[in-house]
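Participant: Take a look at this one; I'll ask things after.
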Amino acid sequence: MTDHEIETREGGHLAMKTPPIVSPQEWQAAHQQLLVKEKELTRVRDALAAERRRMPWLAVAKQYEFEGPKGRASLLDLFDGRRQLIVYRAFFEPGVSGWPDHACRGCSLGADQVANLAHLNARDTTLAYASRAPQPDIERVKARMGWKMPWYTITDSFDSDFGVDEWHGTNAFIRDGDRVFRTYFVNSRGDEAMGSTWSYLDLTALGRQEDWENSPEGYPQTPPYAWWNWHDEYGHAEPSQWWSDPERIAASLAQQKQSADPPKDGDAR
């Protein structure tokens, strides 16, 4: 096995050395070696999330005020009645590259990755964005870019108090009645992973709330899959009723296998 060079269509050579070309058996062996390390990384990531769930909480004593689509809103209002809140500080305001047509490129790339919010909401968690742009500009850019997350205007020292006045960042909060606590914070490359339901939940104090997780005693937990649902079905049916029905699961899997089979002669393609 030797490294080889990729040629361009014009016959020249790229300034790069590619990995060796191997047999299927050699490829599988190399993949298995890396898979061991990937599994180790997964376990380390789970352990880190477990430590995050044991981070001390910081009480938020100051009363912050935002502007939202419905007018003035407190930090407590941003929870929208749920127990947890994740706030991403995006840079969309005068002086930022792209203004007034766009938010900054990096924040916009992150916004494009945000998964359907129904799954977070099903875990009693709200995601919100916050910037210093006025609401009409925020609503205009959201409509242009197809973004669905609630997006508020910062009107006071929220950004400087939570470390996001000069750089983007994601803050996690939890509430106990009307009392709000800051539980975690990531920025810079820590924000790269944000966007999926799992990365957001792993950032929170309560985690994914599944019973395989190493969480403090008394934390809310349900079996994996029990709460998963189609994003337009939350609130209309109990997902656990589906997942606890073995016959229905078997029928669904059989239907999926049939639909995945290659079409026979004469079948529609």
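Each chain in the structure tokens gets a letter, A, B, ..., in the order shown, and its residues are numbered from 1; ligands are numbered from 1 in order too.
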So that I can check the secondary structure, give me every residue of range 48-244 of chain A assigned helix (DSSP H, G or I) by backbone DSSP, as a ChimeraX atom specification.
Facilitator: /A:48-52,75-78,105-112,117-122,135-145,158-161,188-191,197-203,239-243
Participant: Near range 120-125 of chain A, counting only C-alpha atoms, which residues have an atom at most 10 Å away, once you skip same-chain residues fewer than 3 positions from it, shown as a VMD selection string?
Facilitator: chain A and resid 79 to 86 115 to 117 172 to 174 196 to 198 200 to 201 204 206 to 209 220 to 221 227 to 229 231 234 to 235
Participant: Might you pull out every residue within 12 Å of Gly95 in chain A, with only C-alpha atoms counted and same-chain residues fewer than 5 positions away left off, and present them as a ChimeraX atom specification?
Facilitator: /A:100,102-104,132-133
Participant: So which residues touch Glu67 in chain A within 12 Å, counting only C-alpha atoms, skipping near sequence neighbours fewer than 5 positions away, as a list in words?
Facilitator: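 Selected residues are Arg72, Ala73, Ser74, Leu75, Asp77, Leu78, Tyr129, Ala130, Ser131, Arg132, Ala133, Pro134, Gln135, Pro136, Ile138, Pro150, Trp151, Tyr152, Thr153, Ile154, Thr155 and Asp156 of chain A.
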Participant: Would you put the residues from that selection into a file with N, CA, C and O atoms, as a PDB file, in the first residue's frame?
Facilitator:
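File written: again_21.pdb
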ATOM      1  N   ARG A  72     -42.664  43.957  24.835  1.00  0.00           N
ATOM      2  CA  ARG A  72     -41.652  43.760  25.865  1.00  0.00           C
ATOM      3  C   ARG A  72     -41.742  42.365  26.482  1.00  0.00           C
ATOM      4  O   ARG A  72     -42.822  41.811  26.650  1.00  0.00           O
ATOM      5  N   ALA A  73     -40.558  41.833  26.806  1.00  0.00           N
ATOM      6  CA  ALA A  73     -40.495  40.489  27.392  1.00  0.00           C
ATOM      7  C   ALA A  73     -39.340  40.438  28.386  1.00  0.00           C
ATOM      8  O   ALA A  73     -38.265  40.989  28.133  1.00  0.00           O
ATOM      9  N   SER A  74     -39.564  39.778  29.505  1.00  0.00           N
ATOM     10  CA  SER A  74     -38.507  39.554  30.485  1.00  0.00           C
ATOM     11  C   SER A  74     -37.757  38.281  30.119  1.00  0.00           C
ATOM     12  O   SER A  74     -38.180  37.504  29.245  1.00  0.00           O
ATOM     13  N   LEU A  75     -36.632  38.030  30.812  1.00  0.00           N
ATOM     14  CA  LEU A  75     -35.912  36.775  30.595  1.00  0.00           C
ATOM     15  C   LEU A  75     -36.814  35.594  30.931  1.00  0.00           C
ATOM     16  O   LEU A  75     -36.803  34.570  30.233  1.00  0.00           O
ATOM     17  N   ASP A  77     -39.991  35.499  30.520  1.00  0.00           N
ATOM     18  CA  ASP A  77     -40.932  35.346  29.407  1.00  0.00           C
ATOM     19  C   ASP A  77     -40.331  34.524  28.276  1.00  0.00           C
ATOM     20  O   ASP A  77     -41.061  33.824  27.555  1.00  0.00           O
ATOM     21  N   LEU A  78     -38.997  34.626  28.099  1.00  0.00           N
ATOM     22  CA  LEU A  78     -38.363  33.902  27.003  1.00  0.00           C
ATOM     23  C   LEU A  78     -38.485  32.388  27.163  1.00  0.00           C
ATOM     24  O   LEU A  78     -38.402  31.640  26.179  1.00  0.00           O
ATOM     25  N   TYR A 129     -33.132  33.083  20.021  1.00  0.00           N
ATOM     26  CA  TYR A 129     -32.015  33.887  19.553  1.00  0.00           C
ATOM     27  C   TYR A 129     -32.204  35.311  20.076  1.00  0.00           C
ATOM     28  O   TYR A 129     -33.337  35.750  20.309  1.00  0.00           O
ATOM     29  N   ALA A 130     -31.090  36.028  20.224  1.00  0.00           N
ATOM     30  CA  ALA A 130     -31.164  37.417  20.684  1.00  0.00           C
ATOM     31  C   ALA A 130     -30.088  38.241  19.991  1.00  0.00           C
ATOM     32  O   ALA A 130     -28.947  37.785  19.836  1.00  0.00           O
ATOM     33  N   SER A 131     -30.455  39.426  19.549  1.00  0.00           N
ATOM     34  CA  SER A 131     -29.538  40.366  18.900  1.00  0.00           C
ATOM     35  C   SER A 131     -29.931  41.772  19.316  1.00  0.00           C
ATOM     36  O   SER A 131     -30.931  41.971  20.017  1.00  0.00           O
ATOM     37  N   ARG A 132     -29.188  42.762  18.823  1.00  0.00           N
ATOM     38  CA  ARG A 132     -29.540  44.156  19.111  1.00  0.00           C
ATOM     39  C   ARG A 132     -30.294  44.824  17.969  1.00  0.00           C
ATOM     40  O   ARG A 132     -30.642  45.992  18.053  1.00  0.00           O
ATOM     41  N   ALA A 133     -30.565  44.085  16.917  1.00  0.00           N
ATOM     42  CA  ALA A 133     -31.345  44.638  15.812  1.00  0.00           C
ATOM     43  C   ALA A 133     -32.790  44.854  16.235  1.00  0.00           C
ATOM     44  O   ALA A 133     -33.330  44.093  17.047  1.00  0.00           O
ATOM     45  N   PRO A 134     -33.464  45.884  15.710  1.00  0.00           N
ATOM     46  CA  PRO A 134     -34.889  46.082  15.992  1.00  0.00           C
ATOM     47  C   PRO A 134     -35.730  44.927  15.448  1.00  0.00           C
ATOM     48  O   PRO A 134     -35.334  44.237  14.498  1.00  0.00           O
ATOM     49  N   GLN A 135     -36.888  44.743  16.036  1.00  0.00           N
ATOM     50  CA  GLN A 135     -37.752  43.634  15.648  1.00  0.00           C
ATOM     51  C   GLN A 135     -38.145  43.633  14.172  1.00  0.00           C
ATOM     52  O   GLN A 135     -38.159  42.566  13.538  1.00  0.00           O
ATOM     53  N   PRO A 136     -38.479  44.776  13.562  1.00  0.00           N
ATOM     54  CA  PRO A 136     -38.833  44.727  12.134  1.00  0.00           C
ATOM     55  C   PRO A 136     -37.713  44.155  11.264  1.00  0.00           C
ATOM     56  O   PRO A 136     -37.979  43.403  10.321  1.00  0.00           O
ATOM     57  N   ILE A 138     -35.345  42.045  12.327  1.00  0.00           N
ATOM     58  CA  ILE A 138     -35.239  40.616  12.663  1.00  0.00           C
ATOM     59  C   ILE A 138     -36.306  39.814  11.921  1.00  0.00           C
ATOM     60  O   ILE A 138     -36.017  38.768  11.320  1.00  0.00           O
ATOM     61  N   PRO A 150     -37.779  31.740  17.835  1.00  0.00           N
ATOM     62  CA  PRO A 150     -38.088  33.066  18.384  1.00  0.00           C
ATOM     63  C   PRO A 150     -36.799  33.872  18.499  1.00  0.00           C
ATOM     64  O   PRO A 150     -35.765  33.337  18.903  1.00  0.00           O
ATOM     65  N   TRP A 151     -36.874  35.147  18.152  1.00  0.00           N
ATOM     66  CA  TRP A 151     -35.668  35.983  18.070  1.00  0.00           C
ATOM     67  C   TRP A 151     -35.993  37.331  18.697  1.00  0.00           C
ATOM     68  O   TRP A 151     -36.881  38.045  18.241  1.00  0.00           O
ATOM     69  N   TYR A 152     -35.262  37.676  19.750  1.00  0.00           N
ATOM     70  CA  TYR A 152     -35.569  38.870  20.538  1.00  0.00           C
ATOM     71  C   TYR A 152     -34.501  39.944  20.367  1.00  0.00           C
ATOM     72  O   TYR A 152     -33.360  39.664  19.978  1.00  0.00           O
ATOM     73  N   THR A 153     -34.889  41.166  20.693  1.00  0.00           N
ATOM     74  CA  THR A 153     -33.993  42.310  20.665  1.00  0.00           C
ATOM     75  C   THR A 153     -33.463  42.576  22.076  1.00  0.00           C
ATOM     76  O   THR A 153     -34.256  42.738  23.014  1.00  0.00           O
ATOM     77  N   ILE A 154     -32.149  42.627  22.223  1.00  0.00           N
ATOM     78  CA  ILE A 154     -31.522  42.955  23.510  1.00  0.00           C
ATOM     79  C   ILE A 154     -31.621  44.458  23.728  1.00  0.00           C
ATOM     80  O   ILE A 154     -31.258  45.250  22.854  1.00  0.00           O
ATOM     81  N   THR A 155     -32.080  44.862  24.898  1.00  0.00           N
ATOM     82  CA  THR A 155     -32.265  46.299  25.169  1.00  0.00           C
ATOM     83  C   THR A 155     -31.432  46.798  26.342  1.00  0.00           C
ATOM     84  O   THR A 155     -31.448  47.997  26.626  1.00  0.00           O
ATOM     85  N   ASP A 156     -30.716  45.893  27.022  1.00  0.00           N
ATOM     86  CA  ASP A 156     -29.965  46.311  28.205  1.00  0.00           C
ATOM     87  C   ASP A 156     -28.613  45.614  28.240  1.00  0.00           C
ATOM     88  O   ASP A 156     -28.026  45.354  27.179  1.00  0.00           O
TER      89      ASP A 156
END
Participant: What does the distance from CA of Ser23 in chain A to CA of Val36 in chain A come to in Å, to one decimal?
Facilitator: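 So the answer is 20.5 Å.
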